[in-house]
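This report refers to the structure that appears directly beneath it.
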Amino acid sequence: MARLTIEQVSKAYHGTTVLQPLDLDVPDGSFCCMLGSSGSGKSTLLRIVAGLTEPDGGSVHIGDRDVTRLSVERRNIGVVFQNYALFPHLSARSNVAFGLRARGVGRREARRRADEQLELVGLGPHADRAPSQLSGGQQQRVALARALVTSPDLLLLDEPLSALDRKIRGEMQAELKRVHRETGLTTVMVTHDQDEALDLADQVIMLDQGIVAQHGRPAELYESPVSAFVASFLGAFALGTGTVSAGAIEIGGVTLSVPRLALPAGSAAEVLVRSERVLVNGGDGHAGIVRAVDFHGAIARIAIVVGELEVPATVLAQDAADIRVGDAVTVSLVPGSLHIYPSKEAFAGV
Amino acid sequence: MNRHRLLMKAWLGLVLVVLALPILCMIALSFNRSRYGTLPFHFSLDWYRGLAGDTALIDALRTSIELAAEVTVLSVVLGTLLSFGVVRARPVVSGTLSQLQLMVLTVPAIILAAGLLTVFDWFGLGQSTTGLVIASVVTSMPFVVLVVSARLRDLDPRYAEASRTLGAGPMRTFATITAPLVAPAIVAGALLAFVMCFNNFAIQLFTAPIGVSTLPVQIYSMVRLGVTPDVIALGTIIVCCTVAIIVILHLVTGSAARVFIRTNKED
Amino acid sequence: MTDLMTSPPGLRPDGTTAGTVPRTRRYRPGAAATTAMLAPGTVVLLLFAAAPMVALLVTGFSHDSAFTFANFSKVLHTAVYMRLLVRTLVVALIVTVVSLAVAWPAAWALARYVGPRPRQLILVLVIVPYVTSQLLLIYGFITLIQSDGPLMKVLSLVGLDAHSSIMYTPAAAVLMMIYESIPTGILVMYSAATQVDDSVLEAARALGAGRAFVLTRVVWPLSVNMLVIGFALTYVQTVGAFAEPGILGGPSGQLLGNAIEAQLHSGTDRPFAIAMALVLLLCSLVVVGLVSLVLRRTQGDGRSRR
């Protein structure tokens, strides 16, 4: 159990910068998610914390120890890899016992504790099986058991759930939460799935090509994304570029009222909308025509044409039951459903 | 389309029969009483019994086995080290080494032998046992490197990483994780090196000193006298051993053919 | 979904990553170990694989420690050796072309029309001759074709004299060399056959291409690369043949390899033997180069011809 402090850590491969100098503080016992797409540098950062990659600059502290130049095996960490990396020539039990044996624990004692750990994750009877004989979910749990049995200071997870199918993933997410709660272990997880990050984490750090795009509690990123990149990664839909006027923004022939808009009048701005916050036929709003209604089980997505815009709305399936393509509806954009950012161009285009 | 397929498969069958024919014929005739291996066929084990008495042949066989054993050990040690180094080395280095080994495998043996003899002369070796061993190692080592480095390349680096994160240092990781996972390839390489060295006729003919006769060389000198049934009997035994080795190779690596097909794919 | 950085370059089997940006003064801790591993094998290869080639060049051009073209001019001006050279080059060409022609359809069938289980078994059957000693194969061949042997007994049923045989004729040597080259051909073209995607062929047929068209415009261009490799491997090996011609070929079936062998064994004029070997090697490389060029030409250049 320890706090993780990263200061000004940077990394470049063959001249390409993979990580700009960044700082990160993960308090003892908290759960931090590193979120981003491929190439964002999130896995590199994790590998640096684990000691599998050396940073070009900066320092990493686990607790009070400066581990920046410390070799991997002395960091006392637990890592779960994306493909689990279970040793194919060892049984599940031997896999879990490996870390204990490496630390000098006797064979019998190591086996006992490994069996114990496997019981905890419900794999007691499978202890003798080879990894190839286990299902994806089972392998994942063995990998987790293997990382936890040595009582590490830090738990690192590199996209541990991405190889699992949806239902199992849900179970494993609950499992991870439970483990975190029960062990109080400082946990850092890399993922590209924003739902996962929002669900599991106490704090989220989002990376975009080696740079920190935003850093904070999940709710902060969701409610107040600081850039169009973050907003769109977390599910907002881009409506396009509009022109700012006093307390409003004109886009696609529609004027959206945005009180407290702090951008200079006449400037161009990108507008993104949260489809789940769009109200259909819920009161005053803009007139629109329904273009499409798609059902996705519990929810429905409705595409509504307003002016030149196509506004997506996500509603409960039962609320969309009466809506047909071609219907005239009212679209209300409640406060908090829009995210607006200065556009990269200096002046508004016509 | 079906007739077309059938024809091609029939052709494959024909080719396989042709490939097997000389070997099958030799096996069959080893059990034939006729001294010249000619028909008509009368079953007999005479030649196998007589084999023990053919000292020249048995001595040559022993020499071949001793040579192959020695060469295999050296090839495996050098080749495995080389493979581990090649995986870590810069592409320039590993590329050059690959080219050198490819050259060893493709240049006609007689030409390589001529060059080796000259180099041996420079070192004052000439035709000697040492020279023979060296020449055999040079031509067998590439097979070990081929198999072992392929396995190393395919080996997921994350196994070793996982081992390190669990607290095992580089030595322990190597001993408990990397080595066991590479071992089958090393065994396969050893088998291959043994077989290829045993059969390396041209190198043995030119670099062996007078008085040292390996089996292929011995057979070569005897063939002028015509077909001797002792050789046929011994040949049958050797072919059976070869098949056994190939089967073991197959079981160990999962596909014996992969070694050879890789050779060509790598070009 | 794999992050590009999950398997960074320079990852080593012991779990560490090689090197950092060169501009830092940090030394690469693995470099010393790497060199140690490479050293013994590299020394062996340099001394006994690279050096012999250099030695060949040096010796071929020397006589009594003086640089000279004498050896080569001797080779080129002696009718006997030139005849042998030409015969060798031509025979090797025949052997290579025939063995590839025989092997390719077989390899194709093996790769595409045979199930996975039988395929493994058949591959083992193909490899056995490949790893069996050349001498034993020749012996087996002799037992097969010798007078009063199985082949002649069968052929006597159609009227040939059972007491005759093709032993000691060039045909015997050529057939033997073809036999020895078939496994190589199969293995190489098997590789080629597995690389031709089924979907590509199906697409061609769906577009209305007849079998001949598919063969020449789709299968061939995709296979040429491997064909060239197969040609090179087989040809270069075959030009150096001396055992088969020596044992089976009879007086008119000798090849340059036999002359080189004789010279090497007599030990009197090694530079001359080496000059012959170099000329042979050079000519074979030229032939391979030419064939390679011609074959690649037929491949099409990817751009539209119309």
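FYI, nothing fancy with the structure tokens labels: chains A, B, ... in order, residues from 1 per chain, ligands from 1 as they appear.
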Practice prompt. Do a neighbour search on stretch 71-86 of chain C at 6 Å with only C-alpha atoms, toss out local chain neighbours closer than 3 positions, and write the hits as number ranges by chain.
Written response: C: 89, 255-256, 272, 275
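When the distance limit is 6 Å and only C-alpha atoms are what count, the residues near stretch 107-109 of chain B, minus those fewer than 2 positions from it on the same chain, are Met103, Val104, Ile111, Leu112, Ala113 and Ala202 of chain B; Gln237 and Gly240 of chain C.
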Item to complete: Taking only C-alpha atoms into account, report as a count of residues only which residues of chain C lie within 6 Å of chain B.
Response: 23
Item to complete: Give the residues of chain A that lie within 8 Å of chain B; count only C-alpha atoms, and format the answer as a PyMOL selection string.
Response: chain A and resi 50+52+72-79+81+85-87+89+98-99+102-103+147+150
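Take atom CA of B:Phe31 and atom CA of B:Tyr48: the distance between them is 8.3 Å.
For A:Leu161, the non-local neighbours within 8 Å, defined as residues at least 5 positions apart in the same chain or in other chains and counting only C-alpha atoms, are Gln82, Arg169, Met172 and Gln173 of chain A.
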Got time to write the residues from that selection, C-alpha atoms, as a short mmCIF file (atom, residue, chain, number, x, y, z; two decimals), in the first residue's frame?
data_model
loop_
_atom_site.label_atom_id
_atom_site.label_comp_id
_atom_site.auth_asym_id
_atom_site.auth_seq_id
_atom_site.Cartn_x
_atom_site.Cartn_y
_atom_site.Cartn_z
CA GLN A 82 -3.51 -7.43 -21.35
CA ARG A 169 -16.23 -7.90 -18.64
CA MET A 172 -14.70 -8.68 -13.91
CA GLN A 173 -15.23 -4.98 -13.43
#
Practice prompt. Name the residues of stretch 14-160 of chain B that come out as helix (DSSP H, G or I) in a backbone DSSP run; write them as a PyMOL selection string.
Written response: chain B and resi 14-30+46-51+55-88+91-106+109-122+129-154+157-160
Practice prompt. Compile the contact shell of A:Asp202 as a list in words: residues with an atom at most 10 Å away, counting only C-alpha atoms, same-chain residues fewer than 6 positions apart removed.
Written response: Val26, Pro27, Gly29, Ser30, Phe31, Cys32, Cys33, Thr187, Gly216, Arg217, Pro218 and Ala219 of chain A
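Using only C-alpha atoms, the smallest distance between any of A:Arg146, A:His61, A:Arg324, A:Arg69 and chain C comes from A:Arg69.
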Practice prompt. As number ranges by chain, list the residues of stretch 3-73 of chain A assigned to strand (DSSP E or B) by DSSP on the backbone atoms of this structure.
Written response: A: 4-13, 16-26, 31-35, 57-62, 65-66
Practice prompt. Compile the contact shell of A:Asp208 as JSON, numbers by chain: residues with an atom at most 7 Å away, counting only C-alpha atoms, same-chain residues fewer than 4 positions apart removed.
Written response: {"A": [36, 40, 212, 213]}
Once you have the residues from the selection above, write them out as a PDB file, in the first residue's frame, restricted to N, CA and C atoms.
ATOM      1  N   GLY A  36      -7.164   6.594 -22.771  1.00  0.00           N
ATOM      2  CA  GLY A  36      -6.703   7.159 -24.035  1.00  0.00           C
ATOM      3  C   GLY A  36      -6.809   6.121 -25.131  1.00  0.00           C
ATOM      4  N   SER A  40      -1.558   6.775 -27.377  1.00  0.00           N
ATOM      5  CA  SER A  40      -1.656   7.953 -26.523  1.00  0.00           C
ATOM      6  C   SER A  40      -0.525   7.998 -25.512  1.00  0.00           C
ATOM      7  N   VAL A 212      -1.108  15.161 -21.390  1.00  0.00           N
ATOM      8  CA  VAL A 212      -2.269  15.012 -20.523  1.00  0.00           C
ATOM      9  C   VAL A 212      -3.381  15.911 -21.043  1.00  0.00           C
ATOM     10  N   ALA A 213      -4.501  15.296 -21.446  1.00  0.00           N
ATOM     11  CA  ALA A 213      -5.622  16.088 -21.961  1.00  0.00           C
ATOM     12  C   ALA A 213      -6.478  16.621 -20.816  1.00  0.00           C
TER      13      ALA A 213
END
Discussion item. Using only C-alpha atoms and a cut-off of 6 Å, which residues of chain A sit close to chain C? Please list them as a PyMOL selection string.
Written reply: chain A and resi 38-39+44+52-53
Take the residues just selected and output them with all heavy atoms as a PDB file, in the first residue's frame.
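This went into selection.pdb:
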ATOM      1  N   SER A  38      -5.139   4.249 -28.820  1.00  0.00           N
ATOM      2  CA  SER A  38      -3.840   3.671 -29.158  1.00  0.00           C
ATOM      3  C   SER A  38      -2.839   4.760 -29.478  1.00  0.00           C
ATOM      4  O   SER A  38      -3.138   5.706 -30.173  1.00  0.00           O
ATOM      5  CB  SER A  38      -3.969   2.782 -30.394  1.00  0.00           C
ATOM      6  OG  SER A  38      -4.634   1.614 -30.067  1.00  0.00           O
ATOM      7  N   GLY A  39      -1.651   4.603 -28.957  1.00  0.00           N
ATOM      8  CA  GLY A  39      -0.621   5.575 -29.262  1.00  0.00           C
ATOM      9  C   GLY A  39      -0.652   6.782 -28.356  1.00  0.00           C
ATOM     10  O   GLY A  39       0.116   7.716 -28.536  1.00  0.00           O
ATOM     11  N   THR A  44       2.790   3.148 -22.198  1.00  0.00           N
ATOM     12  CA  THR A  44       4.187   3.487 -21.934  1.00  0.00           C
ATOM     13  C   THR A  44       4.335   3.991 -20.503  1.00  0.00           C
ATOM     14  O   THR A  44       5.265   3.626 -19.788  1.00  0.00           O
ATOM     15  CB  THR A  44       4.681   4.575 -22.898  1.00  0.00           C
ATOM     16  OG1 THR A  44       4.422   4.161 -24.224  1.00  0.00           O
ATOM     17  CG2 THR A  44       6.160   4.837 -22.713  1.00  0.00           C
ATOM     18  N   LEU A  52       9.459  -1.548 -16.583  1.00  0.00           N
ATOM     19  CA  LEU A  52       9.752  -2.309 -17.797  1.00  0.00           C
ATOM     20  C   LEU A  52      10.329  -1.423 -18.879  1.00  0.00           C
ATOM     21  O   LEU A  52      10.883  -1.886 -19.861  1.00  0.00           O
ATOM     22  CB  LEU A  52       8.476  -2.996 -18.312  1.00  0.00           C
ATOM     23  CG  LEU A  52       7.901  -4.032 -17.348  1.00  0.00           C
ATOM     24  CD1 LEU A  52       6.521  -4.452 -17.804  1.00  0.00           C
ATOM     25  CD2 LEU A  52       8.819  -5.236 -17.261  1.00  0.00           C
ATOM     26  N   THR A  53      10.165  -0.133 -18.712  1.00  0.00           N
ATOM     27  CA  THR A  53      10.730   0.837 -19.650  1.00  0.00           C
ATOM     28  C   THR A  53      11.366   1.937 -18.825  1.00  0.00           C
ATOM     29  O   THR A  53      10.817   2.357 -17.802  1.00  0.00           O
ATOM     30  CB  THR A  53       9.620   1.442 -20.539  1.00  0.00           C
ATOM     31  OG1 THR A  53       8.942   0.392 -21.208  1.00  0.00           O
ATOM     32  CG2 THR A  53      10.198   2.408 -21.547  1.00  0.00           C
TER      33      THR A  53
END
Worksheet entry | Non-local contacts of stretch 224-228 of chain C (9 Å; only C-alpha atoms; under 6 positions in same chain excluded) as a ChimeraX atom specification | /B:264-265 /C:100,104,185,188-189,191-192,288,291-292,295-296,298-299
Fill in: Nearest to A:Val306 by atom-to-atom distance, counting only C-alpha atoms, from A:Arg277, A:Arg101, A:Arg291, A:Arg3
A:Arg291
